[in-house]
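J.: This one is start-v5.txt, compact mmCIF, C-alpha atoms.
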```
# COMPACT_ATOMS: atom_id res chain seq x y z
CA MET A 624 20.25 -8.25 -9.45
CA LYS A 625 17.84 -9.74 -6.90
CA ALA A 626 14.44 -8.24 -6.17
CA SER A 627 15.31 -6.89 -2.71
CA GLU A 628 18.57 -5.37 -3.89
CA ARG A 629 16.88 -3.79 -6.91
CA PHE A 630 14.12 -2.22 -4.82
CA ALA A 631 16.52 -0.98 -2.13
CA ASN A 632 18.83 0.56 -4.72
CA LEU A 633 15.95 2.34 -6.43
CA MET A 634 14.78 3.82 -3.12
CA ARG A 635 18.32 4.97 -2.26
CA GLY A 636 19.17 6.36 -5.68
CA LYS A 637 21.75 3.67 -6.39
CA PRO A 638 22.27 1.75 -9.67
CA ILE A 639 19.59 -0.67 -10.84
CA ASP A 640 19.44 -3.02 -13.80
CA ARG A 641 15.70 -2.39 -14.34
CA LEU A 642 12.63 -1.33 -12.43
CA PRO A 643 10.76 -3.91 -10.32
CA ALA A 644 7.99 -5.69 -12.25
CA ILE A 645 5.44 -6.23 -9.50
CA GLU A 646 1.76 -6.18 -8.67
CA TRP A 647 1.33 -4.84 -5.15
CA ALA A 648 -2.41 -5.61 -4.89
CA PRO A 649 -4.04 -9.04 -5.17
CA TRP A 650 -6.50 -9.67 -7.96
CA TRP A 651 -10.26 -9.58 -7.52
CA ASN A 652 -11.72 -13.01 -6.79
CA LEU A 653 -13.99 -12.57 -9.81
CA THR A 654 -10.94 -11.88 -11.98
CA VAL A 655 -9.20 -15.04 -10.85
CA ASP A 656 -12.43 -17.02 -11.30
CA ARG A 657 -12.63 -15.82 -14.89
CA TRP A 658 -8.99 -16.68 -15.58
CA HIS A 659 -9.55 -20.21 -14.29
CA THR A 660 -12.10 -20.66 -17.08
CA GLU A 661 -9.60 -19.29 -19.63
CA GLY A 662 -6.55 -21.41 -18.85
CA LEU A 663 -5.14 -20.38 -15.48
CA PRO A 664 -4.37 -23.72 -13.77
CA ALA A 665 -6.86 -24.65 -11.07
CA ASP A 666 -4.09 -24.98 -8.46
CA ARG A 667 -2.98 -21.38 -8.99
CA ASN A 668 -5.08 -19.61 -6.37
CA SER A 669 -2.81 -17.80 -3.95
CA VAL A 670 -1.36 -14.38 -4.73
CA TYR A 671 2.14 -15.83 -4.66
CA ASP A 672 1.31 -18.71 -7.01
CA ILE A 673 -0.41 -16.42 -9.51
CA GLN A 674 2.51 -13.99 -9.48
CA ASP A 675 4.83 -16.92 -10.10
CA TYR A 676 2.64 -18.20 -12.95
CA PHE A 677 2.92 -14.88 -14.79
CA GLY A 678 6.64 -14.54 -14.10
CA LEU A 679 6.31 -11.35 -12.08
CA ASP A 680 8.70 -10.29 -9.36
CA LYS A 681 6.89 -11.63 -6.33
CA CYS A 682 5.54 -9.11 -3.83
CA CYS A 683 3.97 -10.38 -0.62
CA GLN A 684 2.15 -8.49 2.12
CA THR A 685 1.97 -9.18 5.85
CA VAL A 686 -0.77 -7.29 7.73
CA PHE A 687 -0.69 -6.55 11.44
CA TRP A 688 -4.10 -5.82 12.97
CA CYS A 689 -4.68 -4.14 16.32
CA ARG A 690 -8.03 -5.88 16.80
CA SER A 691 -8.45 -9.40 18.11
CA PRO A 692 -11.04 -12.08 17.24
CA GLN A 693 -12.96 -10.89 20.31
CA THR A 694 -13.28 -7.32 19.02
CA PRO A 695 -16.81 -6.49 17.78
CA VAL A 696 -17.30 -6.14 14.02
CA PRO A 697 -19.44 -3.53 12.24
CA GLU A 698 -23.03 -4.42 11.43
CA LYS A 699 -22.49 -3.32 7.84
CA PHE A 700 -19.89 -1.60 5.66
CA GLY A 701 -19.16 1.95 6.76
CA HIS A 702 -20.52 1.47 10.26
CA GLY A 703 -18.31 1.66 13.31
CA ILE A 704 -18.01 -0.46 16.43
CA MET A 705 -18.20 2.44 18.91
CA ARG A 706 -19.76 5.87 19.28
CA ASP A 707 -18.21 7.39 22.39
CA GLU A 708 -15.67 6.93 25.15
CA ALA A 709 -17.92 4.62 27.13
CA ASP A 710 -18.14 2.26 24.14
CA TYR A 711 -14.38 2.46 23.75
CA GLU A 712 -13.80 1.44 27.36
CA LYS A 713 -15.91 -1.67 26.76
CA ILE A 714 -14.02 -2.59 23.60
CA LEU A 715 -10.54 -1.72 24.88
CA PRO A 716 -9.82 -5.11 26.54
CA THR A 717 -10.21 -6.79 23.12
CA LEU A 718 -7.77 -4.47 21.34
CA PHE A 719 -4.01 -4.47 20.84
CA PRO A 720 -3.05 -8.17 20.87
CA ASP A 721 0.60 -9.17 20.84
CA PRO A 722 1.93 -8.97 17.28
CA THR A 723 2.94 -12.31 15.82
CA ILE A 724 3.78 -14.15 12.61
CA ALA A 725 2.97 -17.87 12.62
CA PRO A 726 6.18 -19.94 12.76
CA GLU A 727 5.49 -21.80 9.50
CA THR A 728 4.73 -18.52 7.73
CA LEU A 729 7.89 -16.95 9.08
CA ARG A 730 9.98 -19.88 7.88
CA TRP A 731 8.48 -19.50 4.39
CA MET A 732 9.13 -15.74 4.43
CA GLN A 733 12.75 -16.28 5.45
CA LYS A 734 13.27 -18.83 2.68
CA THR A 735 11.80 -16.59 -0.03
CA ARG A 736 13.95 -13.71 1.21
CA GLU A 737 17.04 -15.92 0.96
CA ASP A 738 16.00 -16.97 -2.56
CA GLY A 739 15.93 -13.26 -3.42
CA ASP A 740 13.07 -13.07 -5.91
CA THR A 741 10.38 -11.83 -3.50
CA LEU A 742 9.71 -8.39 -2.05
CA HIS A 743 8.10 -8.45 1.38
CA PHE A 744 6.17 -5.56 2.85
CA PHE A 745 4.11 -5.15 5.97
CA THR A 746 0.98 -3.08 6.43
CA VAL A 747 -0.64 -1.37 9.40
CA GLU A 748 -3.55 1.03 9.64
CA GLY A 749 -2.85 4.75 9.43
CA TYR A 750 -4.12 7.54 11.64
CA PHE A 751 -7.02 8.39 9.34
CA TRP A 752 -7.98 4.76 8.61
CA TYR A 753 -7.89 3.34 12.15
CA PRO A 754 -10.27 5.83 13.83
CA ARG A 755 -12.62 5.50 10.84
CA GLU A 756 -12.76 1.73 11.35
CA MET A 757 -13.57 2.29 15.01
CA LEU A 758 -16.13 5.08 14.63
CA GLY A 759 -17.63 4.47 11.19
CA ILE A 760 -17.35 6.73 8.17
CA GLU A 761 -19.81 9.48 9.14
CA ASN A 762 -19.06 9.64 12.86
CA HIS A 763 -15.34 9.59 12.12
CA LEU A 764 -15.54 12.79 10.11
CA TYR A 765 -17.65 14.50 12.77
CA SER A 766 -15.28 13.35 15.51
CA PHE A 767 -12.58 15.85 14.55
CA TYR A 768 -14.98 18.55 15.75
CA ASP A 769 -17.33 16.81 18.19
CA GLN A 770 -14.93 14.39 19.95
CA PRO A 771 -11.37 15.64 19.43
CA ASP A 772 -10.12 14.28 22.74
CA LEU A 773 -11.48 10.84 21.95
CA TYR A 774 -9.86 10.91 18.51
CA LYS A 775 -6.51 11.78 20.06
CA ARG A 776 -6.90 9.07 22.69
CA LEU A 777 -7.60 6.47 20.00
CA CYS A 778 -4.44 7.51 18.19
CA ALA A 779 -2.32 7.62 21.34
CA ASP A 780 -3.38 4.12 22.41
CA TYR A 781 -2.84 2.84 18.89
CA THR A 782 0.63 4.43 18.76
CA ARG A 783 1.69 2.54 21.89
CA TRP A 784 0.61 -0.73 20.26
CA LEU A 785 2.27 0.21 17.00
CA LYS A 786 5.59 0.88 18.74
CA ARG A 787 5.38 -2.57 20.32
CA THR A 788 4.59 -4.06 16.91
CA LEU A 789 7.54 -2.31 15.28
CA GLU A 790 9.85 -3.64 17.98
CA TYR A 791 8.57 -7.16 17.27
CA ILE A 792 9.04 -6.73 13.53
CA GLY A 793 12.54 -5.35 13.94
CA ASN A 794 13.53 -8.42 15.94
CA THR A 795 11.81 -10.92 13.67
CA PHE A 796 12.08 -10.22 9.93
CA ARG A 797 13.63 -7.71 7.53
CA PHE A 798 10.92 -6.28 5.29
CA ASP A 799 11.66 -4.38 2.06
CA PHE A 800 9.08 -1.66 2.71
CA MET A 801 5.87 -1.01 4.61
CA SER A 802 2.57 0.76 4.04
CA PHE A 803 0.05 2.65 6.10
CA GLU A 804 -3.55 2.04 5.04
CA GLU A 805 -5.11 5.48 4.87
CA ASP A 806 -7.53 6.12 1.96
CA MET A 807 -7.62 9.71 3.14
CA SER A 808 -8.55 11.14 -0.28
CA TYR A 809 -11.44 10.70 -2.71
CA ASN A 810 -11.80 11.81 -6.31
CA ASN A 811 -11.88 15.51 -5.40
CA GLY A 812 -9.01 15.50 -2.93
CA PRO A 813 -8.43 14.98 0.81
CA MET A 814 -11.36 14.39 3.14
CA LEU A 815 -9.97 16.80 5.73
CA SER A 816 -8.14 20.11 5.79
CA LYS A 817 -4.41 20.63 6.15
CA GLU A 818 -5.05 22.19 9.57
CA THR A 819 -6.93 19.10 10.73
CA PHE A 820 -4.22 16.82 9.33
CA ASP A 821 -1.54 18.80 11.17
CA GLU A 822 -3.41 18.65 14.47
CA PHE A 823 -4.61 15.05 14.52
CA LEU A 824 -2.52 12.93 12.15
CA ALA A 825 0.86 14.58 11.66
CA PRO A 826 2.09 14.33 15.29
CA CYS A 827 1.41 10.58 15.31
CA PHE A 828 3.22 9.94 12.04
CA ARG A 829 6.17 12.04 13.22
CA GLU A 830 6.37 9.83 16.29
CA VAL A 831 6.42 6.46 14.52
CA ILE A 832 7.92 7.01 11.05
CA PRO A 833 11.43 7.68 12.45
CA LEU A 834 11.23 4.32 14.26
CA ILE A 835 10.43 2.60 10.97
CA HIS A 836 13.31 4.40 9.27
CA GLN A 837 15.65 3.20 12.03
CA MET A 838 14.79 -0.32 10.83
CA GLY A 839 15.88 0.65 7.31
CA VAL A 840 12.35 0.23 5.98
CA PRO A 841 10.86 2.75 3.49
CA VAL A 842 7.41 4.07 4.38
CA PHE A 843 4.60 4.16 1.79
CA ILE A 844 1.14 5.66 2.22
CA ASP A 845 -1.75 3.79 0.61
CA SER A 846 -4.45 6.29 -0.32
CA ASP A 847 -6.96 6.04 -3.11
CA GLY A 848 -8.37 9.14 -4.79
CA ASP A 849 -6.74 12.44 -5.69
CA ILE A 850 -3.59 12.79 -3.58
CA THR A 851 -2.30 15.97 -5.26
CA LEU A 852 -2.47 17.92 -1.99
CA ALA A 853 -1.95 14.97 0.34
CA VAL A 854 1.36 13.93 -1.20
CA ASP A 855 2.96 17.08 0.22
CA TRP A 856 1.38 16.54 3.64
CA TYR A 857 2.72 13.01 3.91
CA ALA A 858 6.12 14.08 2.61
CA GLU A 859 6.28 16.57 5.47
CA VAL A 860 5.87 13.81 8.06
CA GLY A 861 8.56 11.63 6.50
CA ALA A 862 6.80 9.27 4.09
CA ASP A 863 9.03 7.89 1.34
CA GLY A 864 6.33 7.05 -1.20
CA MET A 865 2.66 6.66 -2.05
CA PHE A 866 0.40 4.33 -4.01
CA PRO A 867 -1.76 3.41 -5.96
CA LEU A 868 -2.21 6.76 -7.85
CA GLU A 869 -5.58 5.97 -9.40
CA ARG A 870 -5.82 7.38 -12.91
CA GLN A 871 -9.61 7.73 -12.72
CA ALA A 872 -9.16 10.26 -9.90
CA GLY A 873 -7.18 12.51 -12.24
CA VAL A 874 -3.83 12.13 -10.51
CA ASP A 875 -0.62 12.99 -12.36
CA VAL A 876 2.60 11.41 -11.12
CA SER A 877 4.75 13.72 -13.22
CA LEU A 878 3.54 16.61 -11.05
CA TYR A 879 4.35 14.69 -7.87
CA ILE A 880 7.87 13.93 -9.07
CA GLU A 881 8.39 17.66 -9.65
CA LYS A 882 7.04 18.53 -6.20
CA GLN A 883 8.62 15.68 -4.21
CA PRO A 884 11.53 14.29 -6.26
CA GLN A 885 12.82 12.27 -3.30
CA MET A 886 9.62 10.23 -3.08
CA ALA A 887 8.81 6.97 -4.82
CA PHE A 888 5.46 6.15 -6.39
CA LEU A 889 3.90 2.75 -7.07
CA GLY A 890 1.01 2.07 -9.44
CA HIS A 891 -0.59 4.68 -11.74
CA PHE A 892 -1.14 2.29 -14.67
CA ASP A 893 -4.78 2.82 -15.68
CA LYS A 894 -6.42 -0.57 -15.15
CA MET A 895 -9.46 0.60 -17.14
CA CYS A 896 -7.52 0.37 -20.43
CA MET A 897 -6.47 -3.25 -20.01
CA LYS A 898 -9.63 -4.76 -21.50
CA PHE A 899 -8.99 -2.95 -24.81
CA GLY A 900 -5.84 -4.89 -25.69
CA GLU A 901 -2.20 -4.31 -26.52
CA GLU A 902 -2.41 -0.99 -28.35
CA ALA A 903 -4.27 0.70 -25.50
CA MET A 904 -1.93 -0.74 -22.89
CA ARG A 905 1.16 0.28 -24.84
CA ARG A 906 -0.15 3.86 -25.03
CA GLU A 907 -0.55 3.83 -21.27
CA PHE A 908 3.00 2.60 -20.72
CA GLU A 909 4.27 5.28 -23.11
CA ARG A 910 2.47 7.86 -20.98
CA LEU A 911 4.25 6.58 -17.88
CA LEU A 912 7.71 6.05 -19.38
CA PRO A 913 9.03 9.64 -19.01
CA SER A 914 8.12 9.60 -15.31
CA MET A 915 9.65 6.15 -14.90
CA GLN A 916 12.88 7.48 -16.38
CA LYS A 917 12.88 10.74 -14.43
CA GLY A 918 11.74 9.68 -10.96
CA LYS A 919 11.15 6.65 -8.77
CA LEU A 920 7.96 5.40 -10.42
CA ILE A 921 7.32 1.66 -10.26
CA PRO A 922 4.51 1.03 -12.75
CA SER A 923 1.76 -1.29 -11.57
CA CYS A 924 -2.02 -1.47 -11.85
CA ASP A 925 -3.55 1.49 -10.05
CA HIS A 926 -5.62 -0.97 -8.04
CA GLN A 927 -6.82 -4.55 -8.37
CA THR A 928 -7.19 -5.87 -11.91
CA PRO A 929 -10.94 -5.91 -12.68
CA PRO A 930 -12.78 -8.98 -13.96
CA ASP A 931 -13.33 -7.46 -17.42
CA VAL A 932 -9.66 -8.23 -18.17
CA SER A 933 -9.21 -11.55 -19.93
CA LEU A 934 -6.34 -13.90 -19.19
CA GLU A 935 -4.89 -13.17 -22.63
CA ASN A 936 -5.00 -9.41 -22.08
CA TYR A 937 -3.36 -9.80 -18.69
CA ARG A 938 -0.60 -11.85 -20.28
CA ILE A 939 -0.10 -8.99 -22.73
CA TYR A 940 -0.01 -6.53 -19.81
CA VAL A 941 2.71 -8.56 -18.06
CA ARG A 942 4.75 -8.79 -21.27
CA LEU A 943 4.56 -5.02 -21.72
CA LEU A 944 5.30 -4.42 -18.03
CA LYS A 945 8.52 -6.40 -18.37
CA GLU A 946 9.37 -4.61 -21.62
CA TYR A 947 8.93 -1.14 -20.16
CA THR A 948 10.52 -1.79 -16.76
CA ALA A 949 13.58 -3.01 -18.72
CA LYS A 950 13.72 0.35 -20.55
CA VAL A 951 14.68 2.04 -17.28
CA THR A 952 18.14 1.52 -15.88
CA LYS A 953 19.75 3.94 -13.47
CA ASN A 954 23.41 4.35 -12.67
CA GLY A 955 22.98 6.14 -9.38
```
Show me the file's structure as structure tokens.

T.:
Amino acid sequence: MKASERFANLMRGKPIDRLPAIEWAPWWNLTVDRWHTEGLPADRNSVYDIQDYFGLDKCCQTVFWCRSPQTPVPEKFGHGIMRDEADYEKILPTLFPDPTIAPETLRWMQKTREDGDTLHFFTVEGYFWYPREMLGIENHLYSFYDQPDLYKRLCADYTRWLKRTLEYIGNTFRFDFMSFEEDMSYNNGPMLSKETFDEFLAPCFREVIPLIHQMGVPVFIDSDGDITLAVDWYAEVGADGMFPLERQAGVDVSLYIEKQPQMAFLGHFDKMCMKFGEEAMRREFERLLPSMQKGKLIPSCDHQTPPDVSLENYRIYVRLLKEYTAKVTKNG
């Protein structure tokens, strides 16, 4: 069974021969630098080449940004590029470029899709993430109360661009799934109330998610932190799955499978145990196995592999990942 067929069947509840064995996130640069000193060939630098080296199912991401090279950038992390509507009017001419994939990249994507061993997903910003990038972390959270009309204008303008982008994607390439960058939760739960989510974010998602589904593309939400409450909110607006389910935030995928059995979940393998070797990693896979067998859980690191993981320990992780994904077959 090829990677695309396997993933599609899992999402649709059809038979699979095993679970996908993927890493959705690239590795830290420091991690790759360490591995190069421990035996990773010097010419293995790209995400695709490293995935191929370890024998993983390849998983490649294409990101569509609504800002152009002319758009201002923040002075420092967490700062925004605007404070009010007047600033927005100045920036607006630099926003929302025509979506495009470079011809040589598109040819490569089409070839790897034909070969069948690569999952392709595309990513856009979500309706919590995008205004935060524009306003900055602190002003973004105040804006729900101090500048609600501006927040809604940002989202409305972004939605028009996103619809144009989805039309381009639908006419250009068939992706296996997509993700909205959100990071709407932290280690104690969502950063906003359900009422605020329903007023500001939910209407936008309800407008665009059906368009993505018309393309036959499953929708995942990328949010760090504790998503125990948020998983229900995103299910209500039509999301098909979430990742990365960070273990350090206390999340429990078995609870999510009980609450939202139709959803898929990607990640949840505690990356913090990897440095301790095979026994610790096997215990972690044993923790995940019942959920893998019961629901649509694709085990993967719950974020980027940290640089305290040696090349040898990562090889062990990949071996165990293949072992445990092969323990799960579904007959529809």

J.: Go through A:Cys683, A:Leu718, A:Tyr947, A:Glu902 and flag the residue nearest Gln916 in chain A, using all atoms listed in the file for the distances.

T.: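 Among the listed residues, the smallest separation from Gln916 in chain A belongs to A:Tyr947.
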
J.: When distances are computed from only C-alpha atoms, which of A:Thr717, A:Met886, A:Pro664, A:Phe767 shows the smallest separation from Tyr676 in chain A?

T.: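 Looking at the shortest contact to Tyr676 in chain A, the residue is A:Pro664.
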
J.: Between CA of Tyr750 in chain A and CA of Cys778 in chain A, what is the distance, to one decimal in Å?

T.: 6.6 Å

J.: Write out as CSV the residues of range 711-768 of chain A that have any atom within 12 Å of an atom of range 818-827 of chain A, one row each with the nearest atom pair and its distance in Å to one decimal, counting only C-alpha atoms, sorted by chain and then rising number.

T.:
```
residue,atom,partner,partner_atom,distance
A:Gly749,CA,A:Leu824,CA,8.6
A:Tyr750,CA,A:Leu824,CA,5.6
A:Phe751,CA,A:Leu824,CA,7.0
A:Trp752,CA,A:Leu824,CA,10.4
A:Tyr753,CA,A:Leu824,CA,11.0
A:Pro754,CA,A:Leu824,CA,10.6
A:Leu764,CA,A:Thr819,CA,10.7
A:Tyr765,CA,A:Thr819,CA,11.8
A:Ser766,CA,A:Phe823,CA,10.8
A:Phe767,CA,A:Thr819,CA,7.6
A:Tyr768,CA,A:Thr819,CA,9.5
```

J.: Write the residues of the preceding selection, restricted to C-alpha atoms, as a short mmCIF file (atom, residue, chain, number, x, y, z; two decimals), in the frame of the given file.

T.:
```cif
data_model
loop_
_atom_site.label_atom_id
_atom_site.label_comp_id
_atom_site.auth_asym_id
_atom_site.auth_seq_id
_atom_site.Cartn_x
_atom_site.Cartn_y
_atom_site.Cartn_z
CA GLY A 749 -2.85 4.75 9.43
CA TYR A 750 -4.12 7.54 11.64
CA PHE A 751 -7.02 8.39 9.34
CA TRP A 752 -7.98 4.76 8.61
CA TYR A 753 -7.89 3.34 12.15
CA PRO A 754 -10.27 5.83 13.83
CA LEU A 764 -15.54 12.79 10.11
CA TYR A 765 -17.65 14.50 12.77
CA SER A 766 -15.28 13.35 15.51
CA PHE A 767 -12.58 15.85 14.55
CA TYR A 768 -14.98 18.55 15.75
#
```

J.: Just give me the gap between CA of Asp740 in chain A and CA of Lys625 in chain A in Å, one decimal is fine.

T.: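 Straight-line distance from CA of Asp740 in chain A to CA of Lys625 in chain A works out to 5.9 Å.
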
J.: With all atoms listed in the file as the atoms that count, which of A:Thr948, A:Thr928, A:Asn811, A:Ser627 lies nearest to Pro649 in chain A?

T.: A:Thr928

J.: Please supply range 790-807 of chain A, rebuilt with N, CA and C atoms, as a PDB file, keeping the file's coordinate frame.

T.:
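As a result, rebuild.pdb now contains:
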```pdb
ATOM      1  N   GLU A 790       8.752  -2.973  17.267  1.00  0.00           N
ATOM      2  CA  GLU A 790       9.850  -3.640  17.980  1.00  0.00           C
ATOM      3  C   GLU A 790       9.852  -5.138  17.647  1.00  0.00           C
ATOM      4  N   TYR A 791       8.671  -5.743  17.626  1.00  0.00           N
ATOM      5  CA  TYR A 791       8.570  -7.160  17.270  1.00  0.00           C
ATOM      6  C   TYR A 791       9.067  -7.389  15.844  1.00  0.00           C
ATOM      7  N   ILE A 792       8.628  -6.559  14.923  1.00  0.00           N
ATOM      8  CA  ILE A 792       9.040  -6.730  13.530  1.00  0.00           C
ATOM      9  C   ILE A 792      10.542  -6.585  13.393  1.00  0.00           C
ATOM     10  N   GLY A 793      11.103  -5.574  14.043  1.00  0.00           N
ATOM     11  CA  GLY A 793      12.540  -5.350  13.940  1.00  0.00           C
ATOM     12  C   GLY A 793      13.373  -6.508  14.459  1.00  0.00           C
ATOM     13  N   ASN A 794      12.815  -7.274  15.375  1.00  0.00           N
ATOM     14  CA  ASN A 794      13.530  -8.420  15.940  1.00  0.00           C
ATOM     15  C   ASN A 794      13.197  -9.732  15.253  1.00  0.00           C
ATOM     16  N   THR A 795      12.333  -9.676  14.235  1.00  0.00           N
ATOM     17  CA  THR A 795      11.810 -10.920  13.670  1.00  0.00           C
ATOM     18  C   THR A 795      12.131 -11.100  12.191  1.00  0.00           C
ATOM     19  N   PHE A 796      11.964 -10.049  11.379  1.00  0.00           N
ATOM     20  CA  PHE A 796      12.080 -10.220   9.930  1.00  0.00           C
ATOM     21  C   PHE A 796      12.430  -8.882   9.284  1.00  0.00           C
ATOM     22  N   ARG A 797      13.243  -8.933   8.238  1.00  0.00           N
ATOM     23  CA  ARG A 797      13.630  -7.710   7.530  1.00  0.00           C
ATOM     24  C   ARG A 797      12.734  -7.529   6.306  1.00  0.00           C
ATOM     25  N   PHE A 798      11.819  -6.579   6.404  1.00  0.00           N
ATOM     26  CA  PHE A 798      10.920  -6.280   5.290  1.00  0.00           C
ATOM     27  C   PHE A 798      11.580  -5.279   4.333  1.00  0.00           C
ATOM     28  N   ASP A 799      11.124  -5.296   3.071  1.00  0.00           N
ATOM     29  CA  ASP A 799      11.660  -4.380   2.060  1.00  0.00           C
ATOM     30  C   ASP A 799      11.033  -2.995   2.139  1.00  0.00           C
ATOM     31  N   PHE A 800       9.750  -2.943   2.499  1.00  0.00           N
ATOM     32  CA  PHE A 800       9.080  -1.660   2.710  1.00  0.00           C
ATOM     33  C   PHE A 800       7.832  -1.922   3.525  1.00  0.00           C
ATOM     34  N   MET A 801       7.131  -0.856   3.889  1.00  0.00           N
ATOM     35  CA  MET A 801       5.870  -1.010   4.610  1.00  0.00           C
ATOM     36  C   MET A 801       4.870  -0.001   4.078  1.00  0.00           C
ATOM     37  N   SER A 802       3.601  -0.188   4.464  1.00  0.00           N
ATOM     38  CA  SER A 802       2.570   0.760   4.040  1.00  0.00           C
ATOM     39  C   SER A 802       1.603   1.024   5.180  1.00  0.00           C
ATOM     40  N   PHE A 803       1.151   2.263   5.237  1.00  0.00           N
ATOM     41  CA  PHE A 803       0.050   2.650   6.100  1.00  0.00           C
ATOM     42  C   PHE A 803      -1.227   2.675   5.259  1.00  0.00           C
ATOM     43  N   GLU A 804      -2.234   1.927   5.669  1.00  0.00           N
ATOM     44  CA  GLU A 804      -3.550   2.040   5.040  1.00  0.00           C
ATOM     45  C   GLU A 804      -4.178   3.360   5.491  1.00  0.00           C
ATOM     46  N   GLU A 805      -4.546   4.190   4.527  1.00  0.00           N
ATOM     47  CA  GLU A 805      -5.110   5.480   4.870  1.00  0.00           C
ATOM     48  C   GLU A 805      -6.419   5.789   4.122  1.00  0.00           C
ATOM     49  N   ASP A 806      -6.362   5.724   2.775  1.00  0.00           N
ATOM     50  CA  ASP A 806      -7.530   6.120   1.960  1.00  0.00           C
ATOM     51  C   ASP A 806      -8.116   7.429   2.467  1.00  0.00           C
ATOM     52  N   MET A 807      -7.247   8.414   2.577  1.00  0.00           N
ATOM     53  CA  MET A 807      -7.620   9.710   3.140  1.00  0.00           C
ATOM     54  C   MET A 807      -8.175  10.663   2.073  1.00  0.00           C
TER      55      MET A 807
END
```
